[in-house]
Amino acid sequence: MPSSLHMLPGAPWIAHHEGELKVEQVPLQRLAAAHGTPLYVYSRAAIEAAASAWSDAAPGRDVALRYAVKANSSLAVLRVLAELGWGFDIVSGGELARVLAAGGDAAKTVFSGVGKTDAEIAAALRAGVQCLNVESESELQRIDRVAGQLGVRAPVSLRINPDVDARTHPYISTGLRSNKFGIPQALARRAYTGCAQLQHLRVVGIACHIGSQITELGPYLDALDRVVELVRDIEHHGVALAHIDLGGGLGIRYADEAPPRPAELLAALLARLDAAGLGQRPLLLEPGRSVVGNAGLLLTEVVTLKSSIERHFAVVDAAMNDLMRPALYEAWQDIVAVRPRDGAQARQYDVVGAVCESGDWLGRERLLDLREGDLLAVLSAGAYGMAMASNYNTRPRAAEVLVDGDRAHLIREREDVAALFAGERIAPR
Ligand SMILES: *Cc1c(COP(=O)(O)O)cnc(C)c1O
């Protein structure tokens, strides 16, 4: 694992200058004093740079970018991407409401997810989404019925399960036939030709998404080969597919991973599509993590240092409810001191939260020189951080700040404890 002497994953926007960690030009010590901790901090420039890496990746080609909202659904983050002309990939009616509230364009929004309800489908059709990515034949019937009630034709794209191994953590692998996602390849043709009988549907494309934190090209190319095969077969049976959606999933560097850059991924995908004679087809992509992951960090204060016979613990004021990835996937994220000390009292610390679960840790065996009251930053926390936060242990969720040059904007207030139980009632006896 890298030491803090390595280039940090969020560099150059998140880096130490003169002994102090800054996001762009803003010292984190100042943000902690102004807004308290735990605090999520994002760099606008880092988000924009990661977004440009996608949008500049294949000049002159018909590639449409649909940011996967679930990675970080804060309105200010969605607005940054909407302003860059991005569309969105949503997985719930709640995310649709967020996209609309942030000024996103429904006509550039695709609706994925295995369990869309009638109400969610109706809301998406009323908003005028680009398409619904459909995950079963039963869902096709459901969408047809809801569209009929609204008197519209629903644009649909079928999400195929290509049965490829994304070679990532099992909890974030979605393209294996044992996963709940997508329509098995063997049933795809029947599902597509069945659409002809459903009067309130309009087939617009084909989709797949094989998983997250993918660090190699191979699984994408395997999935694309399956999709190409299906496009040929389905079009041979008389159903035209306007666009091809290859989902998201590109990984980022948390430790020493070296995922392909968006330009490399797109070059490989487009070459393969060209070779198959499908290079003119509009291509949709749904990146989430790779857009925001390294653009954010979680700032936290050391509350208590304690040692057991075997271990040293740094108990911090952020916990698994704020950042779930370590507890959920045993994910490794770099943890650095905001003002690194000289190392004279460095120890291997387990950095843990105060939640009553032994799985509540943010990092294990990290060499740090700490005192109580020091600030730490958990890096690469821009994706699947705040978006997965909960109120477990009646802990209010953190505040969020978006840094832009030398300015820092509070984009989400710290949650208030009273608000956590405002909707609750004591039952009469
Ligand atoms: C989660 C998800 C994505 C984004 O995945 P990342 O790994 O964050 O890029 C894209 N498409 C669908 C359908 C998803 O569920």
# chains A, B, ... in the order shown; residues from 1 in each chain; ligands from 1
$ select_by_dssp --residues "segment 230-393 of chain A" --states "helix (DSSP H, G or I)" --output "JSON, numbers by chain"
{"A": [230, 231, 232, 233, 234, 235, 236, 262, 263, 264, 265, 266, 267, 268, 269, 270, 271, 272, 273, 274, 275, 289, 290, 291, 292, 293, 294, 295, 325, 326, 327, 328, 329, 386, 387, 388]}
$ write_last_selection --atoms "C-alpha atoms" --output "compact mmCIF listing (two decimals), in the first residue's frame"
# COMPACT_ATOMS: atom_id res chain seq x y z
CA LEU A 230 -27.17 -9.86 -29.83
CA VAL A 231 -27.58 -6.68 -31.89
CA ARG A 232 -27.00 -8.72 -35.04
CA ASP A 233 -29.39 -11.46 -33.99
CA ILE A 234 -32.13 -9.11 -32.84
CA GLU A 235 -31.93 -6.86 -35.89
CA HIS A 236 -31.98 -9.97 -38.08
CA PRO A 262 -11.54 6.81 -20.46
CA ALA A 263 -9.79 7.56 -23.78
CA GLU A 264 -8.18 4.11 -23.78
CA LEU A 265 -11.45 2.42 -22.92
CA LEU A 266 -13.35 4.33 -25.61
CA ALA A 267 -10.67 3.72 -28.25
CA ALA A 268 -10.88 -0.01 -27.58
CA LEU A 269 -14.68 -0.08 -27.56
CA LEU A 270 -15.06 2.05 -30.69
CA ALA A 271 -12.45 0.02 -32.60
CA ARG A 272 -14.40 -3.11 -31.78
CA LEU A 273 -17.70 -1.49 -32.82
CA ASP A 274 -16.12 -0.22 -36.06
CA ALA A 275 -14.84 -3.70 -36.84
CA ARG A 289 -17.32 6.45 -9.67
CA SER A 290 -14.71 7.52 -12.23
CA VAL A 291 -16.25 11.01 -12.42
CA VAL A 292 -16.40 11.85 -8.72
CA GLY A 293 -14.49 9.20 -6.76
CA ASN A 294 -11.10 10.89 -6.54
CA ALA A 295 -12.60 14.39 -6.41
CA ARG A 325 -17.24 1.13 1.78
CA PRO A 326 -14.58 -0.20 4.20
CA ALA A 327 -17.18 -2.00 6.33
CA LEU A 328 -19.22 -3.22 3.37
CA TYR A 329 -16.52 -4.32 0.91
CA MET A 386 -22.19 10.43 1.21
CA ALA A 387 -24.60 8.69 -1.17
CA MET A 388 -24.50 5.57 1.04
$ closest_atom_pairs --of "chain A" --to "ligand 1" --cutoff "6 Å" --atoms "only C-alpha atoms and all ligand atoms" --output "CSV"
residue,atom,partner,partner_atom_place_in_ligand_line,distance
A:Ala68,CA,ligand 1,4 (C),4.8
A:Ala71,CA,ligand 1,8 (O),5.3
A:Ser112,CA,ligand 1,13 (C),5.2
A:His209,CA,ligand 1,13 (C),5.5
A:Ser212,CA,ligand 1,7 (O),3.5
A:Gln213,CA,ligand 1,7 (O),5.4
A:Gly247,CA,ligand 1,11 (N),4.5
A:Gly248,CA,ligand 1,9 (O),3.9
A:Gly249,CA,ligand 1,7 (O),3.2
A:Leu250,CA,ligand 1,9 (O),5.3
A:Glu286,CA,ligand 1,10 (C),4.6
A:Pro287,CA,ligand 1,9 (O),3.8
A:Gly288,CA,ligand 1,8 (O),3.4
A:Arg289,CA,ligand 1,8 (O),3.7
A:Ser290,CA,ligand 1,9 (O),5.9
$ residues_around --residues "Gly385 of chain A" --least-positions-apart "5" --cutoff "10 Å" --atoms "only C-alpha atoms" --output "PyMOL selection string"
chain A and resi 40+71-72+293+296-298+320-325+380
$ select_by_dssp --residues "segment 258-392 of chain A" --states "strand (DSSP E or B)" --output "ChimeraX atom specification"
/A:283-285,296-307,312-316,335-337,347-352,361-368,375-378
$ atom_distance --atom1 "atom CA of Arg145 of chain A" --atom2 "atom CA of Ala64 of chain A"
29.0 Å
$ residues_around --residues "Leu241 of chain A" --least-positions-apart "4" --cutoff "7 Å" --atoms "only C-alpha atoms" --output "list in words"
Val203, Val204, Gly205 and Ile206 of chain A
$ write_last_selection --atoms "N, CA, C and O atoms" --output "compact mmCIF listing (two decimals), in the first residue's frame"
# COMPACT_ATOMS: atom_id res chain seq x y z
N VAL A 203 -38.97 0.53 -28.94
CA VAL A 203 -37.61 0.04 -28.65
C VAL A 203 -36.59 1.04 -29.18
O VAL A 203 -36.64 1.41 -30.35
N VAL A 204 -35.68 1.48 -28.30
CA VAL A 204 -34.68 2.45 -28.75
C VAL A 204 -33.25 1.95 -28.62
O VAL A 204 -32.33 2.58 -29.15
N GLY A 205 -33.03 0.86 -27.90
CA GLY A 205 -31.63 0.45 -27.76
C GLY A 205 -31.44 -0.83 -26.99
O GLY A 205 -32.39 -1.56 -26.70
N ILE A 206 -30.16 -1.06 -26.69
CA ILE A 206 -29.76 -2.22 -25.90
C ILE A 206 -28.75 -1.72 -24.86
O ILE A 206 -28.00 -0.77 -25.14
$ residues_around --residues "Arg412 of chain A" --least-positions-apart "5" --cutoff "9 Å" --atoms "only C-alpha atoms" --output "PDB file with all heavy atoms, in the first residue's frame"
ATOM      1  N   SER A  74     -25.627  14.369  -4.655  1.00  0.00           N
ATOM      2  CA  SER A  74     -25.836  15.713  -4.113  1.00  0.00           C
ATOM      3  C   SER A  74     -26.170  16.686  -5.238  1.00  0.00           C
ATOM      4  O   SER A  74     -25.570  16.644  -6.306  1.00  0.00           O
ATOM      5  CB  SER A  74     -24.580  16.169  -3.363  1.00  0.00           C
ATOM      6  OG  SER A  74     -24.370  15.292  -2.270  1.00  0.00           O
ATOM      7  N   LEU A  75     -27.126  17.560  -4.970  1.00  0.00           N
ATOM      8  CA  LEU A  75     -27.635  18.444  -6.027  1.00  0.00           C
ATOM      9  C   LEU A  75     -26.522  19.266  -6.669  1.00  0.00           C
ATOM     10  O   LEU A  75     -26.493  19.453  -7.897  1.00  0.00           O
ATOM     11  CB  LEU A  75     -28.701  19.396  -5.473  1.00  0.00           C
ATOM     12  CG  LEU A  75     -30.004  18.761  -4.969  1.00  0.00           C
ATOM     13  CD1 LEU A  75     -31.000  19.863  -4.614  1.00  0.00           C
ATOM     14  CD2 LEU A  75     -30.615  17.812  -5.985  1.00  0.00           C
ATOM     15  N   ALA A  76     -25.602  19.767  -5.850  1.00  0.00           N
ATOM     16  CA  ALA A  76     -24.541  20.632  -6.394  1.00  0.00           C
ATOM     17  C   ALA A  76     -23.643  19.845  -7.353  1.00  0.00           C
ATOM     18  O   ALA A  76     -23.163  20.391  -8.354  1.00  0.00           O
ATOM     19  CB  ALA A  76     -23.715  21.237  -5.263  1.00  0.00           C
ATOM     20  N   ALA A 398     -23.226  13.865   7.688  1.00  0.00           N
ATOM     21  CA  ALA A 398     -22.220  14.921   7.579  1.00  0.00           C
ATOM     22  C   ALA A 398     -22.701  16.062   6.691  1.00  0.00           C
ATOM     23  O   ALA A 398     -23.624  15.903   5.892  1.00  0.00           O
ATOM     24  CB  ALA A 398     -20.940  14.332   6.994  1.00  0.00           C
ATOM     25  N   ALA A 399     -22.032  17.202   6.832  1.00  0.00           N
ATOM     26  CA  ALA A 399     -22.217  18.308   5.888  1.00  0.00           C
ATOM     27  C   ALA A 399     -21.310  18.069   4.686  1.00  0.00           C
ATOM     28  O   ALA A 399     -20.409  17.227   4.719  1.00  0.00           O
ATOM     29  CB  ALA A 399     -21.879  19.626   6.570  1.00  0.00           C
ATOM     30  N   GLU A 400     -21.562  18.838   3.601  1.00  0.00           N
ATOM     31  CA  GLU A 400     -20.753  18.722   2.390  1.00  0.00           C
ATOM     32  C   GLU A 400     -20.360  20.110   1.901  1.00  0.00           C
ATOM     33  O   GLU A 400     -21.182  21.036   1.941  1.00  0.00           O
ATOM     34  CB  GLU A 400     -21.538  18.039   1.266  1.00  0.00           C
ATOM     35  CG  GLU A 400     -21.876  16.603   1.499  1.00  0.00           C
ATOM     36  CD  GLU A 400     -22.637  16.010   0.318  1.00  0.00           C
ATOM     37  OE1 GLU A 400     -23.783  16.421   0.087  1.00  0.00           O
ATOM     38  OE2 GLU A 400     -22.082  15.157  -0.380  1.00  0.00           O
ATOM     39  N   VAL A 401     -19.130  20.203   1.400  1.00  0.00           N
ATOM     40  CA  VAL A 401     -18.606  21.458   0.869  1.00  0.00           C
ATOM     41  C   VAL A 401     -18.055  21.206  -0.532  1.00  0.00           C
ATOM     42  O   VAL A 401     -17.394  20.195  -0.771  1.00  0.00           O
ATOM     43  CB  VAL A 401     -17.488  22.002   1.801  1.00  0.00           C
ATOM     44  CG1 VAL A 401     -16.671  23.082   1.114  1.00  0.00           C
ATOM     45  CG2 VAL A 401     -18.085  22.527   3.105  1.00  0.00           C
TER      46      VAL A 401
END
